[in-house]
>>> print(open('final12.txt').read())   # compact mmCIF, C-alpha atoms and all ligand atoms
# COMPACT_ATOMS: atom_id res chain seq x y z
CA MET A 582 126.79 90.71 91.68
CA ILE A 583 123.30 89.72 92.88
CA PHE A 584 124.15 86.09 92.14
CA LYS A 585 127.38 86.40 94.16
CA LEU A 586 125.45 87.93 97.05
CA GLN A 587 122.92 85.12 96.93
CA GLN A 588 125.68 82.54 97.33
CA VAL A 589 126.52 84.12 100.68
CA PHE A 590 123.14 85.38 101.89
CA HIS A 591 120.76 82.93 100.12
CA SER A 592 117.56 84.95 99.97
CA ILE A 593 117.08 87.64 97.31
CA ILE A 594 115.68 90.11 99.84
CA LYS A 595 118.75 89.76 102.09
CA SER A 596 121.12 89.99 99.14
CA LEU A 597 119.42 93.19 97.99
CA GLU A 598 119.68 94.72 101.45
CA VAL A 599 123.45 94.28 101.25
CA LEU A 600 123.50 95.64 97.70
CA TYR A 601 121.63 98.82 98.76
CA VAL A 602 124.30 99.48 101.41
CA ILE A 603 127.14 98.79 98.94
CA GLU A 604 125.47 101.17 96.48
CA GLY A 605 125.07 103.83 99.17
CA ILE A 606 121.27 104.18 98.89
CA LYS A 607 120.71 102.66 102.33
CA PRO A 608 122.72 103.95 105.32
CA CYS A 609 122.54 100.73 107.28
CA ALA A 610 120.87 97.31 107.01
CA ARG A 611 120.02 94.58 109.45
CA ILE A 612 119.99 91.00 108.26
CA MET A 613 119.57 87.64 109.93
CA VAL A 614 122.38 85.18 109.29
CA PHE A 615 122.55 81.58 110.45
CA GLU A 616 125.26 81.26 113.11
CA ASN A 617 127.44 78.86 111.13
CA GLU A 618 127.55 81.38 108.31
CA THR A 619 128.27 84.64 110.12
CA GLU A 620 132.03 84.44 109.53
CA LYS A 621 131.56 83.93 105.81
CA ALA A 622 129.11 86.85 105.70
CA VAL A 623 131.39 89.22 107.64
CA ASP A 624 134.37 88.29 105.41
CA PHE A 625 132.34 89.01 102.31
CA LEU A 626 131.25 92.37 103.71
CA LYS A 627 134.85 93.30 104.57
CA GLN A 628 135.95 92.52 101.03
CA ASN A 629 133.31 94.95 99.85
CA LYS A 630 134.38 97.64 102.32
CA ILE A 631 131.30 97.28 104.48
CA GLU A 632 131.58 97.49 108.26
CA SER A 633 129.49 95.22 110.43
CA SER A 634 128.43 94.58 114.02
CA ILE A 635 126.95 91.35 115.27
CA SER A 636 124.13 91.15 117.82
CA ASN A 637 125.07 89.87 121.26
CA PHE A 638 122.08 87.53 121.23
CA LYS A 639 120.76 84.89 118.87
CA VAL A 640 117.25 84.35 117.63
CA MET A 641 115.26 81.34 116.62
CA LYS A 642 112.86 81.94 113.80
CA GLN A 643 109.24 81.09 114.23
CA ASN A 644 107.96 80.24 110.84
CA LEU A 645 104.41 81.36 110.99
CA GLN A 646 103.87 82.22 107.37
CA SER A 647 106.73 81.15 105.18
CA GLU A 648 110.08 79.52 104.73
CA PHE A 649 111.64 82.75 103.47
CA TYR A 650 110.46 85.30 105.87
CA SER A 651 109.63 85.50 109.51
CA ASP A 652 108.36 88.53 111.34
CA LYS A 653 108.56 86.74 114.62
CA SER A 654 111.58 85.32 116.37
CA VAL A 655 112.56 84.36 119.89
CA LYS A 656 115.73 85.67 121.52
CA ILE A 657 118.16 83.15 122.99
CA PRO A 658 121.57 83.76 124.63
CA LYS A 659 124.46 83.95 122.17
CA ASP A 660 126.29 81.00 123.73
CA SER A 661 123.20 78.78 123.81
CA LYS A 662 123.73 75.26 122.43
CA GLN A 663 120.62 75.66 120.33
CA LYS A 664 121.47 76.78 116.84
CA GLY A 665 120.14 80.15 115.87
CA TYR A 666 120.60 83.27 113.82
CA PHE A 667 122.57 86.41 114.57
CA PHE A 668 121.60 89.85 113.37
CA ILE A 669 124.32 91.52 111.39
CA TYR A 670 124.09 95.31 111.22
CA LEU A 671 126.01 96.57 108.24
CA SER A 672 126.97 100.00 107.06
CA LYS A 673 129.82 101.85 105.36
CA ASP A 674 130.20 103.60 108.70
CA LYS A 675 131.26 101.48 111.70
CA ASP A 676 129.64 103.89 114.14
CA THR A 677 126.23 103.58 112.45
CA ALA A 678 126.41 99.77 112.53
CA GLU A 679 127.29 99.88 116.25
CA LYS A 680 124.47 102.31 116.99
CA ALA A 681 121.96 100.07 115.20
CA LYS A 682 123.13 97.14 117.30
CA THR A 683 122.72 99.02 120.59
CA SER A 684 119.32 100.48 119.60
CA GLU A 685 118.03 96.97 119.07
CA GLU A 686 119.51 95.76 122.37
CA ASN A 687 117.67 98.57 124.11
CA ASN A 688 114.43 97.97 122.19
CA LYS A 689 114.55 101.45 120.70
CA HIS A 690 112.48 100.66 117.62
CA LYS A 691 112.13 104.18 116.31
CA GLU A 692 115.83 104.95 116.67
CA LEU A 693 116.74 101.68 114.92
CA GLY A 694 114.30 102.39 112.08
CA LEU A 695 115.75 105.85 111.52
CA LEU A 696 119.30 104.43 111.45
CA LEU A 697 118.14 101.91 108.83
CA GLY A 698 116.93 104.80 106.70
CA TYR A 699 113.18 104.27 107.08
CA PRO A 700 110.83 107.27 106.89
CA LYS A 701 110.05 108.98 110.19
CA CYS A 702 106.28 108.49 109.70
CA CYS A 703 106.79 104.72 109.32
CA CYS A 704 109.19 104.49 112.30
CA GLU A 705 106.57 106.19 114.46
CA PHE A 706 103.86 103.91 113.09
CA PHE A 707 106.00 100.87 113.95
CA GLU A 708 106.78 102.06 117.45
CA LYS A 709 103.12 102.78 118.12
CA ASN A 710 101.80 99.45 116.87
CA PHE A 711 104.50 96.84 117.36
CA ASP A 712 104.50 94.49 120.29
CA GLU A 713 105.65 90.93 120.89
CA SER A 714 102.17 89.56 120.23
CA ASN A 715 101.64 91.71 117.15
CA THR A 716 104.78 91.44 115.02
CA ASP A 717 103.23 91.45 111.56
CA LEU A 718 101.87 94.93 110.95
CA THR A 719 100.65 94.39 107.38
CA LEU A 720 96.97 94.52 108.33
CA LYS A 721 97.67 97.57 110.52
CA THR A 722 99.17 99.27 107.48
CA LEU A 723 95.99 98.38 105.60
CA GLU A 724 93.83 99.75 108.41
CA ASN A 725 95.73 103.04 108.10
CA SER A 726 95.30 103.17 104.32
CA ASN A 727 92.40 104.60 102.35
CA GLY A 728 90.65 102.16 100.01
CA TYR A 729 92.19 98.93 98.75
CA GLU A 730 94.03 99.94 95.57
CA PHE A 731 97.68 100.86 95.90
CA PRO A 732 100.87 101.31 93.88
CA PHE A 733 102.78 98.03 93.56
CA TYR A 734 105.93 99.60 95.06
CA SER A 735 104.55 99.19 98.57
CA ASN A 736 103.39 95.57 98.19
CA ILE A 737 105.10 94.14 101.26
CA ALA A 738 102.94 91.00 101.26
CA ALA A 739 105.15 89.46 98.59
CA ARG A 740 108.03 89.36 101.10
CA HIS A 741 106.66 85.96 102.09
CA PHE A 742 107.78 84.83 98.63
CA ASP A 743 111.18 86.54 98.94
CA ILE A 744 110.12 89.52 96.85
CA ALA A 745 109.91 93.10 98.14
CA LEU A 746 111.13 96.60 97.42
CA LEU A 747 110.71 97.74 101.03
CA SER A 748 112.11 96.22 104.18
CA HIS A 749 109.89 98.10 106.62
CA PHE A 750 106.17 98.26 107.28
CA PRO A 751 104.97 101.46 105.59
CA CYS A 752 102.68 103.60 107.76
CA LYS A 753 100.16 103.32 104.92
CA PHE A 754 100.35 101.73 101.49
CA ASN A 755 100.47 105.10 99.80
CA CYS A 756 103.17 106.54 102.06
CA ASN A 757 105.05 108.81 99.63
CA GLU A 758 108.37 108.51 101.42
CA SER A 759 108.19 104.70 101.29
CA ILE A 760 107.27 104.70 97.60
CA LYS A 761 110.26 106.94 96.90
CA ILE A 762 112.56 104.41 98.61
CA ALA A 763 110.98 101.48 96.72
CA LYS A 764 111.39 103.23 93.35
CA ASN A 765 115.02 103.94 94.11
CA ASN A 766 115.60 100.32 95.12
CA LEU A 767 114.01 99.07 91.91
CA LYS A 768 116.36 101.32 89.91
CA ILE A 769 119.37 99.72 91.59
CA ILE A 770 118.03 96.20 91.00
CA ASN A 771 117.48 97.10 87.36
CA LYS A 772 121.07 98.35 87.07
CA TYR A 773 122.42 94.95 88.11
CA SER A 774 119.72 92.68 86.71
CA PRO A 775 116.92 93.87 84.41
CA GLN A 776 115.53 90.32 84.63
CA ILE A 777 115.12 90.41 88.41
CA ALA A 778 113.68 93.94 88.19
CA ALA A 779 111.11 92.76 85.64
CA MET A 780 110.27 89.67 87.69
CA PHE A 781 109.81 91.82 90.83
CA SER A 782 107.56 94.34 89.07
CA GLY A 783 105.53 91.49 87.61
CA ILE A 784 104.94 89.61 90.86
CA LEU A 785 104.31 92.74 92.95
CA GLN A 786 101.43 93.69 90.67
CA GLY A 787 98.60 91.49 91.76
CA ILE A 788 95.79 90.93 94.18
CA VAL A 789 96.76 90.17 97.76
CA VAL A 790 94.54 88.34 100.20
CA TYR A 791 96.20 88.70 103.59
CA THR A 792 95.31 86.84 106.75
CA ILE A 793 97.20 86.22 109.96
CA GLU A 794 96.05 82.66 110.51
CA GLU A 795 95.03 81.28 107.12
CA GLY A 796 97.94 82.30 104.95
CA VAL A 797 98.97 84.99 102.53
CA PHE A 798 97.86 84.74 98.90
CA LEU A 799 98.97 86.45 95.73
CA LEU A 800 96.43 86.17 92.95
CA ARG A 801 98.24 86.67 89.70
CA LYS A 802 97.40 87.51 86.11
CA TYR A 803 94.25 89.34 87.02
CA GLU A 804 91.67 91.29 85.09
CA LYS A 805 89.64 93.81 87.06
CA ILE A 806 86.28 95.00 85.84
CA ASN A 807 84.66 97.36 88.37
CA ASP A 808 84.62 95.41 91.65
CA GLU A 809 84.95 92.02 89.96
CA ILE A 810 88.30 90.40 89.57
CA ILE A 811 89.18 87.34 87.53
CA TYR A 812 92.59 85.85 88.21
CA GLY A 813 94.96 83.15 87.04
CA ASP A 814 97.24 81.35 89.47
CA VAL A 815 97.44 81.63 93.26
CA LEU A 816 100.71 81.79 95.20
CA THR A 817 100.24 80.74 98.79
CA THR A 818 102.13 80.39 102.07
CA SER A 819 99.66 77.86 103.39
CA LYS A 820 97.40 75.15 101.99
CA SER A 821 94.49 76.27 104.15
CA LYS A 822 90.77 76.05 103.52
CA LEU A 823 90.87 79.59 102.20
CA TYR A 824 93.58 78.55 99.74
CA TYR A 825 91.36 75.83 98.29
CA LEU A 826 88.47 78.26 98.06
CA LEU A 827 90.64 80.82 96.23
CA SER A 828 92.35 78.34 93.93
CA SER A 829 89.26 76.38 92.94
CA ASN A 830 87.43 79.58 91.99
CA ARG A 831 88.93 82.27 89.84
CA GLU A 832 86.62 85.11 90.68
CA LEU A 833 86.81 87.58 93.51
CA LYS A 834 84.59 90.49 94.43
CA ILE A 835 86.06 93.11 96.72
CA ALA A 836 83.54 95.25 98.61
CA ASP A 837 86.10 97.02 100.79
CA LYS A 838 89.54 96.33 102.22
CA ASN A 839 88.19 93.92 104.85
CA THR A 840 85.28 92.43 102.92
CA PHE A 841 85.39 90.23 99.85
CA ALA A 842 83.59 87.30 98.30
CA VAL A 843 84.87 84.26 96.45
CA ASN A 844 82.14 82.63 94.43
CA ASP A 845 79.51 84.15 96.74
CA VAL A 846 81.25 82.94 99.91
CA LYS A 847 81.56 86.15 101.87
CA ILE A 848 84.67 86.71 103.96
CA GLU A 849 84.96 89.71 106.22
CA GLY A 850 86.54 91.14 109.33
CA GLN A 851 89.67 92.88 110.57
CA LYS A 852 91.59 89.60 110.31
CA TYR A 853 91.19 89.57 106.52
CA GLY A 854 92.61 92.03 104.05
CA ALA A 855 92.12 92.33 100.31
CA MET A 856 94.30 94.67 98.26
CA VAL A 857 94.94 95.42 94.64
CA PHE A 858 98.50 96.43 93.76
CA SER A 859 99.06 97.88 90.31
ZN ZN A 901 105.35 106.42 106.19
>>> encode(input="final12.txt", output="structure tokens", more="lines below")
Ligand SMILES: [Zn+2]
Amino acid sequence: MIFKLQQVFHSIIKSLEVLYVIEGIKPCARIMVFENETEKAVDFLKQNKIESSISNFKVMKQNLQSEFYSDKSVKIPKDSKQKGYFFIYLSKDKDTAEKAKTSEENNKHKELGLLLGYPKCCCEFFEKNFDESNTDLTLKTLENSNGYEFPFYSNIAARHFDIALLSHFPCKFNCNESIKIAKNNLKIINKYSPQIAAMFSGILQGIVVYTIEEGVFLLRKYEKINDEIIYGDVLTTSKSKLYYLLSSNRELKIADKNTFAVNDVKIEGQKYGAMVFS
């Protein structure tokens, strides 16, 4: 089933969103579909008894961090000659899909989040912190969190590599309601593909170095002894200077969530986040 979904929706994250709605663990989902492929997507959803509504605008993705995932996009009119993506809102209930569509049109972030099944605390967090110039709230989530060690279920940084168990920004990395959703999602993935479930759990457990301008890094196969971490390979969204620093050294010292050192080069500030997900 996941393979079939991927043939229509391409990314694993998008395919899983559709699967959660089919399985009835998510009331409604919102996915971006390239305009030439919306008909194919809607047909597929119909065959699986899923209702859908299509946004009355298009968006162009701005690929700041990755080829898989974009937090930022620019609205363009739906009949614009420029090619773009539509949002498809899908649900077993036509009314819910329609409501999601109109909430987005009216910029009602909290209402949209609640329709998509996100926890109230996280919807309020999003509404409070989101604006057009601040679309990636990952470091805000970190700011709201205590310490830098968190359960892997809420590792949303891996979305840049098409891997995630959550499709919202949690209000904090140990938000209980979010972790509950992520655990449930992992159960469903495991039901259809134990291999994908194992791969997800493996990649989500790692060290994350998160920056807005210099890329997102997953440091894998790590060993942590007190505040010293030794790691194996580095997944990156950007071949920046920081990437070369991280990949040519295999040792990281985390002092706190915004302060770390790679081979004695100290990096600190609100623009940098270091987290351990286990
Ligand atoms: Zn929350």
>>> atom_distance(input="final12.txt", atom1="CA of Asn710 (chain A)", atom2="CA of Asn725 (chain A)")
11.3 Å
>>> residues_around(input="final12.txt", residues="region 806-812 of chain A", least_positions_apart="2", cutoff="10 Å", atoms="only C-alpha atoms", output="VMD selection string")
chain A and resid 787 to 788 799 to 804 814 to 815 827 to 828 830 to 837 841 to 843 857
>>> write_last_selection(input="final12.txt", atoms="C-alpha atoms", output="PDB file, in the coordinates of the input")
ATOM      1  CA  GLY A 787      98.600  91.490  91.760  1.00  0.00           C
ATOM      2  CA  ILE A 788      95.790  90.930  94.180  1.00  0.00           C
ATOM      3  CA  LEU A 799      98.970  86.450  95.730  1.00  0.00           C
ATOM      4  CA  LEU A 800      96.430  86.170  92.950  1.00  0.00           C
ATOM      5  CA  ARG A 801      98.240  86.670  89.700  1.00  0.00           C
ATOM      6  CA  LYS A 802      97.400  87.510  86.110  1.00  0.00           C
ATOM      7  CA  TYR A 803      94.250  89.340  87.020  1.00  0.00           C
ATOM      8  CA  GLU A 804      91.670  91.290  85.090  1.00  0.00           C
ATOM      9  CA  ASP A 814      97.240  81.350  89.470  1.00  0.00           C
ATOM     10  CA  VAL A 815      97.440  81.630  93.260  1.00  0.00           C
ATOM     11  CA  LEU A 827      90.640  80.820  96.230  1.00  0.00           C
ATOM     12  CA  SER A 828      92.350  78.340  93.930  1.00  0.00           C
ATOM     13  CA  ASN A 830      87.430  79.580  91.990  1.00  0.00           C
ATOM     14  CA  ARG A 831      88.930  82.270  89.840  1.00  0.00           C
ATOM     15  CA  GLU A 832      86.620  85.110  90.680  1.00  0.00           C
ATOM     16  CA  LEU A 833      86.810  87.580  93.510  1.00  0.00           C
ATOM     17  CA  LYS A 834      84.590  90.490  94.430  1.00  0.00           C
ATOM     18  CA  ILE A 835      86.060  93.110  96.720  1.00  0.00           C
ATOM     19  CA  ALA A 836      83.540  95.250  98.610  1.00  0.00           C
ATOM     20  CA  ASP A 837      86.100  97.020 100.790  1.00  0.00           C
ATOM     21  CA  PHE A 841      85.390  90.230  99.850  1.00  0.00           C
ATOM     22  CA  ALA A 842      83.590  87.300  98.300  1.00  0.00           C
ATOM     23  CA  VAL A 843      84.870  84.260  96.450  1.00  0.00           C
ATOM     24  CA  VAL A 857      94.940  95.420  94.640  1.00  0.00           C
TER      25      VAL A 857
END
>>> closest_residue(input="final12.txt", among="A:Met582, A:Ala681, A:Tyr734, A:Asp717", to="Ser596 (chain A)", atoms="only C-alpha atoms")
A:Met582
>>> residues_near_ligand(input="final12.txt", ligand="ligand ZN 901 (chain A)", cutoff="10 Å", atoms="all atoms listed in the file", output="MDAnalysis selection string")
chainID A and resid 699:707 722 749:760
>>> closest_residue(input="final12.txt", among="A:Leu695, A:Ala610, A:Ile784, A:Val640", to="Leu816 (chain A)", atoms="all atoms listed in the file")
A:Ile784
>>> atom_distance(input="final12.txt", atom1="CA of Leu693 (chain A)", atom2="CA of Phe733 (chain A)")
25.8 Å
>>> atom_distance(input="final12.txt", atom1="CA of Ile631 (chain A)", atom2="CA of Leu600 (chain A)")
10.5 Å
>>> closest_residue(input="final12.txt", among="A:Gln786, A:Gln588, A:Phe615, A:Glu632", to="Asn736 (chain A)", atoms="all atoms listed in the file")
A:Gln786
>>> residues_around(input="final12.txt", residues="Gly728 (chain A)", least_positions_apart="2", cutoff="7 Å", atoms="only C-alpha atoms", output="ChimeraX atom specification")
/A:726,730,837-838
>>> closest_residue(input="final12.txt", among="A:Tyr825, A:Ala778, A:Asn765, A:Ile848", to="Ile593 (chain A)", atoms="all atoms listed in the file")
A:Ala778
>>> residues_near_point(input="final12.txt", point="(120.1, 96.7, 116.5)", cutoff="9 Å", atoms="only C-alpha atoms", output="ChimeraX atom specification")
/A:611,634-636,668-670,678-690,693
>>> closest_residue(input="final12.txt", among="A:Lys653, A:Val602, A:Gln643, A:Ile744", to="Asp674 (chain A)", atoms="only C-alpha atoms")
A:Val602
>>> residues_near_point(input="final12.txt", point="(112.0, 97.4, 96.6)", cutoff="8 Å", atoms="all atoms listed in the file", output="mmCIF file with C-alpha atoms, keeping the file's coordinate frame")
data_model
loop_
_atom_site.group_PDB
_atom_site.id
_atom_site.type_symbol
_atom_site.label_atom_id
_atom_site.label_comp_id
_atom_site.auth_asym_id
_atom_site.auth_seq_id
_atom_site.Cartn_x
_atom_site.Cartn_y
_atom_site.Cartn_z
ATOM 1 C CA TYR A 734 105.930 99.600 95.060
ATOM 2 C CA SER A 735 104.550 99.190 98.570
ATOM 3 C CA ALA A 745 109.910 93.100 98.140
ATOM 4 C CA LEU A 746 111.130 96.600 97.420
ATOM 5 C CA LEU A 747 110.710 97.740 101.030
ATOM 6 C CA SER A 748 112.110 96.220 104.180
ATOM 7 C CA ILE A 762 112.560 104.410 98.610
ATOM 8 C CA ALA A 763 110.980 101.480 96.720
ATOM 9 C CA LYS A 764 111.390 103.230 93.350
ATOM 10 C CA ASN A 765 115.020 103.940 94.110
ATOM 11 C CA ASN A 766 115.600 100.320 95.120
ATOM 12 C CA LEU A 767 114.010 99.070 91.910
#
